[in-house]
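Just model.cif here, mmCIF, C-alpha atoms:
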data_data
loop_
_atom_site.group_PDB
_atom_site.id
_atom_site.type_symbol
_atom_site.label_atom_id
_atom_site.label_comp_id
_atom_site.auth_asym_id
_atom_site.auth_seq_id
_atom_site.Cartn_x
_atom_site.Cartn_y
_atom_site.Cartn_z
ATOM 1 C CA MET A 1 0.011 19.259 -10.898
ATOM 2 C CA ILE A 2 -1.278 21.022 -7.803
ATOM 3 C CA GLU A 3 -4.270 22.352 -9.727
ATOM 4 C CA GLU A 4 -5.204 18.802 -10.750
ATOM 5 C CA ILE A 5 -4.856 17.555 -7.177
ATOM 6 C CA GLU A 6 -7.027 20.391 -5.891
ATOM 7 C CA ALA A 7 -9.654 19.694 -8.573
ATOM 8 C CA ALA A 8 -9.824 15.998 -7.658
ATOM 9 C CA ALA A 9 -9.989 16.776 -3.947
ATOM 10 C CA LYS A 10 -12.728 19.364 -4.447
ATOM 11 C CA TYR A 11 -14.781 16.909 -6.531
ATOM 12 C CA LEU A 12 -14.511 14.298 -3.799
ATOM 13 C CA GLN A 13 -15.364 16.750 -1.046
ATOM 14 C CA ASN A 14 -18.507 17.641 -2.977
ATOM 15 C CA SER A 15 -19.344 13.956 -3.482
ATOM 16 C CA THR A 16 -19.330 12.799 0.137
ATOM 17 C CA LYS A 17 -20.011 14.113 3.622
ATOM 18 C CA ILE A 18 -17.277 11.890 5.047
ATOM 19 C CA GLN A 19 -14.163 13.804 6.086
ATOM 20 C CA PRO A 20 -11.614 10.977 6.218
ATOM 21 C CA ARG A 21 -8.810 10.891 8.769
ATOM 22 C CA TYR A 22 -7.189 7.657 7.573
ATOM 23 C CA GLY A 23 -6.347 6.472 4.079
ATOM 24 C CA ILE A 24 -6.125 2.795 3.116
ATOM 25 C CA ILE A 25 -4.647 1.389 -0.108
ATOM 26 C CA LEU A 26 -5.513 -2.253 -0.766
ATOM 27 C CA GLY A 27 -3.255 -4.460 -2.876
ATOM 28 C CA THR A 28 -3.725 -7.534 -5.059
ATOM 29 C CA GLY A 29 -6.405 -9.886 -3.742
ATOM 30 C CA LEU A 30 -6.867 -7.838 -0.583
ATOM 31 C CA GLY A 31 -10.019 -5.908 -1.348
ATOM 32 C CA ALA A 32 -12.309 -7.539 1.217
ATOM 33 C CA LEU A 33 -11.393 -5.134 4.000
ATOM 34 C CA VAL A 34 -14.107 -2.893 2.572
ATOM 35 C CA ASN A 35 -16.615 -5.433 3.917
ATOM 36 C CA GLN A 36 -15.710 -4.101 7.370
ATOM 37 C CA VAL A 37 -16.402 -0.512 6.327
ATOM 38 C CA GLU A 38 -19.751 1.174 6.914
ATOM 39 C CA ILE A 39 -19.855 2.523 3.371
ATOM 40 C CA HIS A 40 -21.346 5.947 2.762
ATOM 41 C CA ASP A 41 -20.133 6.658 -0.782
ATOM 42 C CA THR A 42 -18.460 4.642 -3.548
ATOM 43 C CA ILE A 43 -16.858 6.626 -6.339
ATOM 44 C CA PRO A 44 -15.378 4.872 -9.422
ATOM 45 C CA TYR A 45 -11.977 6.187 -10.405
ATOM 46 C CA GLU A 46 -13.211 7.153 -13.859
ATOM 47 C CA GLU A 47 -15.541 9.732 -12.318
ATOM 48 C CA ILE A 48 -12.772 11.550 -10.430
ATOM 49 C CA PRO A 49 -11.051 14.382 -12.346
ATOM 50 C CA HIS A 50 -7.467 13.561 -13.382
ATOM 51 C CA PHE A 51 -7.533 10.174 -11.592
ATOM 52 C CA PRO A 52 -5.737 7.300 -13.346
ATOM 53 C CA LEU A 53 -7.630 4.083 -14.106
ATOM 54 C CA SER A 54 -6.490 0.704 -12.816
ATOM 55 C CA THR A 55 -5.734 -1.731 -15.645
ATOM 56 C CA VAL A 56 -5.032 -4.743 -13.416
ATOM 57 C CA GLU A 57 -7.821 -7.320 -13.390
ATOM 58 C CA SER A 58 -7.570 -7.968 -9.629
ATOM 59 C CA HIS A 59 -7.877 -4.249 -8.782
ATOM 60 C CA SER A 60 -11.458 -3.029 -8.887
ATOM 61 C CA GLY A 61 -10.871 0.727 -9.186
ATOM 62 C CA LYS A 62 -13.118 2.386 -6.598
ATOM 63 C CA LEU A 63 -12.650 5.012 -3.924
ATOM 64 C CA ILE A 64 -14.765 4.196 -0.885
ATOM 65 C CA PHE A 65 -15.704 6.659 1.845
ATOM 66 C CA GLY A 66 -17.134 5.442 5.125
ATOM 67 C CA LEU A 67 -16.509 4.466 8.730
ATOM 68 C CA LEU A 68 -14.148 1.737 9.913
ATOM 69 C CA GLN A 69 -14.402 1.038 13.636
ATOM 70 C CA GLY A 70 -16.300 4.312 13.836
ATOM 71 C CA LYS A 71 -13.420 6.285 12.286
ATOM 72 C CA PRO A 72 -13.823 8.124 8.959
ATOM 73 C CA VAL A 73 -11.719 6.511 6.232
ATOM 74 C CA VAL A 74 -11.159 6.591 2.502
ATOM 75 C CA VAL A 75 -10.218 3.275 0.917
ATOM 76 C CA MET A 76 -8.566 2.740 -2.448
ATOM 77 C CA GLN A 77 -9.940 -0.569 -3.707
ATOM 78 C CA GLY A 78 -7.284 -1.033 -6.355
ATOM 79 C CA ARG A 79 -4.010 0.829 -6.776
ATOM 80 C CA PHE A 80 -1.799 1.910 -9.686
ATOM 81 C CA HIS A 81 1.572 0.514 -10.708
ATOM 82 C CA PHE A 82 4.506 1.810 -12.694
ATOM 83 C CA TYR A 83 4.349 -1.290 -14.916
ATOM 84 C CA GLU A 84 0.909 -0.247 -16.160
ATOM 85 C CA GLY A 85 2.618 2.543 -18.073
ATOM 86 C CA TYR A 86 1.828 5.349 -15.658
ATOM 87 C CA THR A 87 4.351 7.931 -14.569
ATOM 88 C CA MET A 88 5.342 7.906 -10.919
ATOM 89 C CA GLN A 89 3.406 11.144 -10.512
ATOM 90 C CA GLN A 90 0.266 9.357 -11.717
ATOM 91 C CA VAL A 91 0.927 6.321 -9.512
ATOM 92 C CA THR A 92 1.133 8.543 -6.443
ATOM 93 C CA PHE A 93 -1.546 11.060 -7.428
ATOM 94 C CA PRO A 94 -4.194 9.474 -5.145
ATOM 95 C CA VAL A 95 -1.883 9.793 -2.124
ATOM 96 C CA ARG A 96 -1.526 13.514 -2.714
ATOM 97 C CA VAL A 97 -5.291 13.837 -3.132
ATOM 98 C CA MET A 98 -5.810 11.951 0.147
ATOM 99 C CA ARG A 99 -3.531 14.404 1.920
ATOM 100 C CA PHE A 100 -5.492 17.322 0.501
ATOM 101 C CA LEU A 101 -8.632 15.631 1.865
ATOM 102 C CA GLY A 102 -7.105 15.750 5.348
ATOM 103 C CA ILE A 103 -5.712 12.234 5.764
ATOM 104 C CA GLU A 104 -3.562 11.948 8.898
ATOM 105 C CA LYS A 105 -2.124 8.445 8.440
ATOM 106 C CA LEU A 106 -1.770 6.075 5.499
ATOM 107 C CA PHE A 107 -2.238 2.290 5.645
ATOM 108 C CA MET A 108 -1.208 0.023 2.764
ATOM 109 C CA SER A 109 -1.219 -3.656 1.880
ATOM 110 C CA ASN A 110 0.428 -5.585 -0.920
ATOM 111 C CA ALA A 111 1.095 -9.074 -2.206
ATOM 112 C CA SER A 112 4.764 -9.990 -2.313
ATOM 113 C CA GLY A 113 7.248 -12.799 -2.790
ATOM 114 C CA GLY A 114 8.914 -14.110 0.362
ATOM 115 C CA LEU A 115 12.719 -14.072 0.453
ATOM 116 C CA SER A 116 13.251 -14.982 4.108
ATOM 117 C CA ALA A 117 13.623 -18.621 5.088
ATOM 118 C CA ASP A 118 11.286 -17.904 8.006
ATOM 119 C CA PHE A 119 8.333 -17.173 5.737
ATOM 120 C CA LYS A 120 5.541 -19.483 4.612
ATOM 121 C CA LYS A 121 2.906 -18.848 1.979
ATOM 122 C CA SER A 122 0.118 -16.552 3.242
ATOM 123 C CA ASP A 123 2.227 -15.208 6.121
ATOM 124 C CA LEU A 124 1.986 -11.512 6.969
ATOM 125 C CA MET A 125 4.992 -9.191 7.105
ATOM 126 C CA ILE A 126 4.861 -5.709 8.597
ATOM 127 C CA ILE A 127 7.207 -3.556 6.550
ATOM 128 C CA ASN A 128 9.739 -1.745 8.729
ATOM 129 C CA ASP A 129 11.981 -0.487 5.904
ATOM 130 C CA HIS A 130 12.321 -0.719 2.156
ATOM 131 C CA ILE A 131 14.774 -0.858 -0.731
ATOM 132 C CA ASN A 132 13.751 1.172 -3.760
ATOM 133 C CA LEU A 133 14.847 -0.516 -6.993
ATOM 134 C CA LEU A 134 12.350 1.273 -9.213
ATOM 135 C CA PRO A 135 13.787 3.152 -12.210
ATOM 136 C CA GLU A 136 12.049 6.455 -11.389
ATOM 137 C CA ASN A 137 11.220 8.479 -8.298
ATOM 138 C CA PRO A 138 7.870 10.249 -7.789
ATOM 139 C CA LEU A 139 9.668 13.346 -6.459
ATOM 140 C CA THR A 140 11.694 13.874 -9.636
ATOM 141 C CA GLY A 141 11.071 17.252 -11.251
ATOM 142 C CA LYS A 142 10.302 20.696 -9.916
ATOM 143 C CA ASN A 143 9.418 20.615 -6.233
ATOM 144 C CA ILE A 144 6.149 22.188 -5.115
ATOM 145 C CA ASP A 145 6.771 23.521 -1.604
ATOM 146 C CA ALA A 146 3.080 23.190 -0.691
ATOM 147 C CA MET A 147 3.443 19.406 -1.020
ATOM 148 C CA GLY A 148 6.610 18.981 1.023
ATOM 149 C CA VAL A 149 10.332 19.582 1.200
ATOM 150 C CA ARG A 150 12.701 18.977 -1.680
ATOM 151 C CA PHE A 151 14.759 16.382 0.225
ATOM 152 C CA PRO A 152 12.476 14.472 2.625
ATOM 153 C CA ASP A 153 14.138 12.391 5.318
ATOM 154 C CA MET A 154 13.563 8.645 4.911
ATOM 155 C CA SER A 155 15.245 7.274 8.034
ATOM 156 C CA ASP A 156 11.850 6.044 9.300
ATOM 157 C CA PRO A 157 9.765 5.410 6.170
ATOM 158 C CA TYR A 158 7.324 3.250 8.158
ATOM 159 C CA ASP A 159 6.210 4.754 11.439
ATOM 160 C CA PRO A 160 7.885 2.857 14.347
ATOM 161 C CA GLU A 161 4.917 3.408 16.668
ATOM 162 C CA LEU A 162 2.480 2.029 14.100
ATOM 163 C CA VAL A 163 4.810 -0.934 13.440
ATOM 164 C CA ALA A 164 4.909 -1.697 17.175
ATOM 165 C CA LEU A 165 1.124 -1.352 17.442
ATOM 166 C CA GLY A 166 0.608 -3.733 14.522
ATOM 167 C CA ILE A 167 2.861 -6.312 16.156
ATOM 168 C CA ARG A 168 1.025 -6.037 19.484
ATOM 169 C CA ILE A 169 -2.340 -6.526 17.791
ATOM 170 C CA GLY A 170 -1.024 -9.557 15.903
ATOM 171 C CA GLU A 171 0.156 -11.081 19.185
ATOM 172 C CA LYS A 172 -3.123 -10.237 20.940
ATOM 173 C CA TYR A 173 -5.197 -12.071 18.332
ATOM 174 C CA ASN A 174 -2.678 -14.862 17.661
ATOM 175 C CA ILE A 175 -2.101 -13.701 14.101
ATOM 176 C CA PRO A 176 1.389 -14.809 12.962
ATOM 177 C CA VAL A 177 3.154 -11.702 11.741
ATOM 178 C CA HIS A 178 6.769 -10.969 10.830
ATOM 179 C CA GLN A 179 8.719 -7.746 10.376
ATOM 180 C CA GLY A 180 10.994 -7.117 7.428
ATOM 181 C CA VAL A 181 12.399 -5.119 4.545
ATOM 182 C CA TYR A 182 10.395 -4.799 1.331
ATOM 183 C CA ALA A 183 12.139 -4.385 -2.019
ATOM 184 C CA SER A 184 10.150 -2.678 -4.767
ATOM 185 C CA VAL A 185 10.899 -3.536 -8.409
ATOM 186 C CA SER A 186 9.186 -2.395 -11.585
ATOM 187 C CA GLY A 187 7.758 -5.705 -12.863
ATOM 188 C CA PRO A 188 5.498 -6.845 -14.369
ATOM 189 C CA ASN A 189 7.484 -10.058 -14.792
ATOM 190 C CA LEU A 190 8.362 -12.027 -11.695
ATOM 191 C CA GLU A 191 12.031 -12.306 -10.814
ATOM 192 C CA THR A 192 14.586 -14.907 -11.886
ATOM 193 C CA LYS A 193 16.204 -17.228 -9.353
ATOM 194 C CA ALA A 194 19.392 -15.179 -9.573
ATOM 195 C CA GLU A 195 17.451 -11.981 -8.945
ATOM 196 C CA TYR A 196 15.756 -13.463 -5.884
ATOM 197 C CA LYS A 197 19.196 -14.453 -4.564
ATOM 198 C CA TYR A 198 20.515 -10.940 -5.229
ATOM 199 C CA LEU A 199 17.570 -9.331 -3.438
ATOM 200 C CA ARG A 200 18.172 -11.501 -0.393
ATOM 201 C CA ILE A 201 21.878 -10.651 -0.383
ATOM 202 C CA ILE A 202 21.173 -6.909 -0.340
ATOM 203 C CA GLY A 203 18.848 -7.253 2.633
ATOM 204 C CA ALA A 204 15.298 -7.727 1.329
ATOM 205 C CA ASP A 205 12.861 -10.030 3.103
ATOM 206 C CA ALA A 206 10.088 -9.643 0.506
ATOM 207 C CA VAL A 207 9.764 -8.291 -3.027
ATOM 208 C CA GLY A 208 6.878 -6.656 -4.853
ATOM 209 C CA MET A 209 5.923 -4.036 -7.430
ATOM 210 C CA SER A 210 4.232 -1.304 -5.409
ATOM 211 C CA THR A 211 4.038 0.550 -2.081
ATOM 212 C CA VAL A 212 7.389 2.370 -2.150
ATOM 213 C CA PRO A 213 6.318 5.240 -4.463
ATOM 214 C CA GLU A 214 3.233 5.881 -2.337
ATOM 215 C CA ASN A 215 5.359 5.739 0.796
ATOM 216 C CA ILE A 216 7.844 8.299 -0.534
ATOM 217 C CA VAL A 217 5.106 10.779 -1.396
ATOM 218 C CA ALA A 218 3.285 10.216 1.894
ATOM 219 C CA ARG A 219 6.461 10.842 3.854
ATOM 220 C CA GLN A 220 7.228 13.967 1.844
ATOM 221 C CA MET A 221 3.772 15.253 2.774
ATOM 222 C CA GLY A 222 4.213 14.403 6.449
ATOM 223 C CA MET A 223 1.947 11.357 6.676
ATOM 224 C CA PRO A 224 2.980 8.445 8.937
ATOM 225 C CA VAL A 225 2.745 5.138 7.039
ATOM 226 C CA PHE A 226 1.939 1.552 8.020
ATOM 227 C CA ALA A 227 2.245 -1.231 5.438
ATOM 228 C CA LEU A 228 1.595 -4.977 5.436
ATOM 229 C CA SER A 229 2.832 -7.517 2.901
ATOM 230 C CA VAL A 230 1.073 -10.816 2.329
ATOM 231 C CA ILE A 231 3.602 -13.457 1.290
ATOM 232 C CA THR A 232 1.916 -15.047 -1.702
ATOM 233 C CA ASP A 233 4.793 -17.190 -2.983
ATOM 234 C CA ILE A 234 8.085 -18.459 -1.607
ATOM 235 C CA CYS A 235 11.210 -17.247 -3.410
ATOM 236 C CA THR A 236 14.016 -18.695 -1.289
ATOM 237 C CA GLU A 237 16.820 -20.647 -2.940
ATOM 238 C CA GLY A 238 15.662 -24.142 -3.886
ATOM 239 C CA ASN A 239 11.987 -23.288 -3.340
ATOM 240 C CA VAL A 240 11.171 -21.143 -6.366
ATOM 241 C CA LYS A 241 8.246 -22.539 -8.353
ATOM 242 C CA LYS A 242 6.188 -21.281 -11.258
ATOM 243 C CA VAL A 243 3.291 -19.169 -9.986
ATOM 244 C CA THR A 244 0.150 -17.769 -11.590
ATOM 245 C CA VAL A 245 -1.836 -14.637 -10.759
ATOM 246 C CA GLU A 246 -4.685 -16.884 -9.637
ATOM 247 C CA GLU A 247 -2.401 -18.594 -7.117
ATOM 248 C CA VAL A 248 -1.200 -15.222 -5.832
ATOM 249 C CA ILE A 249 -4.783 -14.048 -5.319
ATOM 250 C CA ALA A 250 -5.696 -17.313 -3.590
ATOM 251 C CA ALA A 251 -2.748 -17.039 -1.187
ATOM 252 C CA ALA A 252 -3.672 -13.425 -0.436
ATOM 253 C CA GLY A 253 -7.224 -14.517 0.291
ATOM 254 C CA VAL A 254 -6.025 -16.949 2.966
ATOM 255 C CA ALA A 255 -4.151 -14.155 4.761
ATOM 256 C CA GLU A 256 -6.794 -11.505 4.254
ATOM 257 C CA PRO A 257 -8.736 -12.021 7.527
ATOM 258 C CA GLY A 258 -5.562 -11.485 9.571
ATOM 259 C CA MET A 259 -4.568 -8.416 7.587
ATOM 260 C CA THR A 260 -8.073 -6.990 7.917
ATOM 261 C CA LYS A 261 -8.087 -7.608 11.668
ATOM 262 C CA ILE A 262 -4.742 -5.894 12.223
ATOM 263 C CA ILE A 263 -5.564 -2.776 10.207
ATOM 264 C CA SER A 264 -9.095 -2.398 11.548
ATOM 265 C CA GLU A 265 -7.967 -2.852 15.166
ATOM 266 C CA MET A 266 -5.135 -0.372 14.667
ATOM 267 C CA ILE A 267 -7.558 2.258 13.397
ATOM 268 C CA ALA A 268 -9.899 1.540 16.322
ATOM 269 C CA MET A 269 -7.067 2.235 18.779
ATOM 270 C CA LEU A 270 -5.881 5.482 17.208
ATOM 271 C CA ASP A 271 -6.972 8.828 18.635
#
Now that the file is in, can you turn its structure into structure tokens?
Amino acid sequence: MIEEIEAAAKYLQNSTKIQPRYGIILGTGLGALVNQVEIHDTIPYEEIPHFPLSTVESHSGKLIFGLLQGKPVVVMQGRFHFYEGYTMQQVTFPVRVMRFLGIEKLFMSNASGGLSADFKKSDLMIINDHINLLPENPLTGKNIDAMGVRFPDMSDPYDPELVALGIRIGEKYNIPVHQGVYASVSGPNLETKAEYKYLRIIGADAVGMSTVPENIVARQMGMPVFALSVITDICTEGNVKKVTVEEVIAAAGVAEPGMTKIISEMIAMLD
């Protein structure tokens, strides 16, 4: 796998003069952050050696290199999911490539179902921990020492300093933002009422189908991670309603300006 990662990284290095310091992965309905980027190069996934292709309609499938708040970034406009039929190694391949490009910190967003009674539709939740309920782990198999230790510590999967910074920025700009635990499940179906109740009992504040695999790989490779969930539907007992993808995207769109503000201001404040 390391040869494939090196080939993809080399192709990208030859395709742009931007040397990114920060990586950003944008989730469902949250692609407009790229409007804040001074774009230098846009590279479709299908042009990158060994890169998977996004099969989800709401994920556009482009790697964007440019400047955000004057800082060099690479943005994934569209991510990969286990439910698309990819292996966990394929899902997390872009994160490893980002690290080989020199990424220092990883920022992620996702759309998720709200399990806390404190949440309303289109609220933002900064992830401070997660519960991994996915059936596979991206670190399964032979470990490659060049990509990290065999048994990475996960006591702080989301960087406490970045979490605190995100909260301060939310308060500064009067953006309502919560903290909480994100549970990752395989999907693609949404959960049953009993499953939502179970997830709440075990300590989850939100549930989605992404983010955790990328986090695990980033932490193995020594990258601090910050992640934001947009609560696109309410899944508390007595409040579960049928929801469509269109409604999820619409709810994400309402929250998108706040999410964009928090991430862009965080990057502006980093050294």
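Nearest residue to Gly148 of chain A among A:Gly222, A:Gly23, A:Pro49, A:Gly66 is A:Gly222, counting all atoms listed in the file.
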Counting all atoms listed in the file, which residues in segment 71-151 of chain A sit no more than 6 Å from segment 224-241 of chain A? For each one, give the nearest pair of atoms and the distance in Å, sorted by chain then residue number, as JSON lines.
{"residue": "A:Lys105", "atom": "CA", "partner": "A:Pro224", "partner_atom": "CA", "distance": 5.1}
{"residue": "A:Leu106", "atom": "CA", "partner": "A:Val225", "partner_atom": "CA", "distance": 4.9}
{"residue": "A:Phe107", "atom": "CA", "partner": "A:Phe226", "partner_atom": "CA", "distance": 4.9}
{"residue": "A:Met108", "atom": "CA", "partner": "A:Ala227", "partner_atom": "CA", "distance": 4.5}
{"residue": "A:Ser109", "atom": "CA", "partner": "A:Leu228", "partner_atom": "CA", "distance": 4.7}
{"residue": "A:Asn110", "atom": "CA", "partner": "A:Ser229", "partner_atom": "CA", "distance": 4.9}
{"residue": "A:Ala111", "atom": "CA", "partner": "A:Val230", "partner_atom": "CA", "distance": 4.9}
{"residue": "A:Ser112", "atom": "CA", "partner": "A:Ile231", "partner_atom": "CA", "distance": 5.1}
{"residue": "A:Gly113", "atom": "CA", "partner": "A:Asp233", "partner_atom": "CA", "distance": 5.0}
{"residue": "A:Gly114", "atom": "CA", "partner": "A:Ile234", "partner_atom": "CA", "distance": 4.8}
{"residue": "A:Leu115", "atom": "CA", "partner": "A:Thr236", "partner_atom": "CA", "distance": 5.1}
{"residue": "A:Lys121", "atom": "CA", "partner": "A:Thr232", "partner_atom": "CA", "distance": 5.4}
{"residue": "A:Ser122", "atom": "CA", "partner": "A:Ile231", "partner_atom": "CA", "distance": 5.1}
{"residue": "A:Asp123", "atom": "CA", "partner": "A:Ile231", "partner_atom": "CA", "distance": 5.3}
{"residue": "A:Leu124", "atom": "CA", "partner": "A:Val230", "partner_atom": "CA", "distance": 4.8}
{"residue": "A:Met125", "atom": "CA", "partner": "A:Ser229", "partner_atom": "CA", "distance": 5.0}
{"residue": "A:Ile126", "atom": "CA", "partner": "A:Leu228", "partner_atom": "CA", "distance": 4.6}
{"residue": "A:Ile127", "atom": "CA", "partner": "A:Ala227", "partner_atom": "CA", "distance": 5.6}
Could you dump the residues just selected with C-alpha atoms as a PDB file, keeping the file's coordinate frame?
ATOM      1  CA  LYS A 105      -2.124   8.445   8.440  1.00  0.00           C
ATOM      2  CA  LEU A 106      -1.770   6.075   5.499  1.00  0.00           C
ATOM      3  CA  PHE A 107      -2.238   2.290   5.645  1.00  0.00           C
ATOM      4  CA  MET A 108      -1.208   0.023   2.764  1.00  0.00           C
ATOM      5  CA  SER A 109      -1.219  -3.656   1.880  1.00  0.00           C
ATOM      6  CA  ASN A 110       0.428  -5.585  -0.920  1.00  0.00           C
ATOM      7  CA  ALA A 111       1.095  -9.074  -2.206  1.00  0.00           C
ATOM      8  CA  SER A 112       4.764  -9.990  -2.313  1.00  0.00           C
ATOM      9  CA  GLY A 113       7.248 -12.799  -2.790  1.00  0.00           C
ATOM     10  CA  GLY A 114       8.914 -14.110   0.362  1.00  0.00           C
ATOM     11  CA  LEU A 115      12.719 -14.072   0.453  1.00  0.00           C
ATOM     12  CA  LYS A 121       2.906 -18.848   1.979  1.00  0.00           C
ATOM     13  CA  SER A 122       0.118 -16.552   3.242  1.00  0.00           C
ATOM     14  CA  ASP A 123       2.227 -15.208   6.121  1.00  0.00           C
ATOM     15  CA  LEU A 124       1.986 -11.512   6.969  1.00  0.00           C
ATOM     16  CA  MET A 125       4.992  -9.191   7.105  1.00  0.00           C
ATOM     17  CA  ILE A 126       4.861  -5.709   8.597  1.00  0.00           C
ATOM     18  CA  ILE A 127       7.207  -3.556   6.550  1.00  0.00           C
TER      19      ILE A 127
END
Distance query 8 Å from (-2.0, -2.2, -3.0) using only C-alpha atoms, result as a PyMOL selection string: chain A and resi 25-28+30+78-80+108-111+210-211
Near-Ile131 of chain A list (10 Å; all atoms listed in the file; drop same-chain fewer than 4 positions) as JSON, numbers by chain: {"A": [181, 182, 183, 184, 185, 199, 202, 203, 204, 207, 212]}
Residues at most 7 Å from Met221 of chain A, counting all atoms listed in the file, excluding those fewer than 3 positions away in the same chain, as a ChimeraX atom specification? /A:147-148,217-218
Got a sec: who's within 10 Å of Gln90 of chain A, counting only C-alpha atoms, leaving out chain neighbours fewer than 3 positions off, as a PyMOL selection string? chain A and resi 1+50-53+80-82+85-87+93-95+138
Answer as an NGL selection string, residues within 8 Å of (-12.6, -11.6, 4.9) using all atoms listed in the file: :A and (32-33 or 35 or 253 or 256-257 or 260)
Using all atoms listed in the file, the shortest atom-to-atom distance to Ile144 of chain A among A:Ser15, A:Thr42, A:Gln220, A:Asn174 belongs to A:Gln220
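The coordinates place atom CA of Thr92 of chain A at 11.8 Å from atom CA of Arg219 of chain A.
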Hey, what's within 9 Å of Gly170 of chain A if we count only C-alpha atoms and toss same-chain stuff fewer than 5 positions away? As number ranges by chain, please? A: 165, 175-177, 258, 261-262
For segment 45-48 of chain A, list every protein, DNA or RNA residue within 9 Å, evaluated using all atoms listed in the file, and leave out those in the same chain fewer than 6 positions away; present the list as a ChimeraX atom specification. /A:7-9,11-12,54,61-63
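The shortest atom-to-atom distance to Pro20 of chain A, with all atoms listed in the file taken into account, belongs to A:Asp41 out of A:Asp41, A:Asp118, A:Glu246, A:Glu171.
The spacing separating atom CA of Met223 of chain A from atom CA of Tyr173 of chain A amounts to 27.1 Å.
The two atoms in question, atom CA of Ala252 of chain A and atom CA of Asn215 of chain A, are spaced 21.2 Å apart.
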Run the PyMOL selection byres ((chain A and resi 34) around 9) on the file and write out the hits as a PDB file with C-alpha atoms, in the frame of the given file.
ATOM      1  CA  GLY A  31     -10.019  -5.908  -1.348  1.00  0.00           C
ATOM      2  CA  ALA A  32     -12.309  -7.539   1.217  1.00  0.00           C
ATOM      3  CA  LEU A  33     -11.393  -5.134   4.000  1.00  0.00           C
ATOM      4  CA  ASN A  35     -16.615  -5.433   3.917  1.00  0.00           C
ATOM      5  CA  GLN A  36     -15.710  -4.101   7.370  1.00  0.00           C
ATOM      6  CA  VAL A  37     -16.402  -0.512   6.327  1.00  0.00           C
ATOM      7  CA  GLU A  38     -19.751   1.174   6.914  1.00  0.00           C
ATOM      8  CA  ILE A  39     -19.855   2.523   3.371  1.00  0.00           C
ATOM      9  CA  ILE A  64     -14.765   4.196  -0.885  1.00  0.00           C
ATOM     10  CA  LEU A  68     -14.148   1.737   9.913  1.00  0.00           C
ATOM     11  CA  VAL A  75     -10.218   3.275   0.917  1.00  0.00           C
ATOM     12  CA  GLN A  77      -9.940  -0.569  -3.707  1.00  0.00           C
TER      13      GLN A  77
END
Find, counting all atoms listed in the file, the residue in A:Phe65, A:Ile24, A:Gly102, A:Gly208 that gets nearest to His40 of chain A. A:Phe65
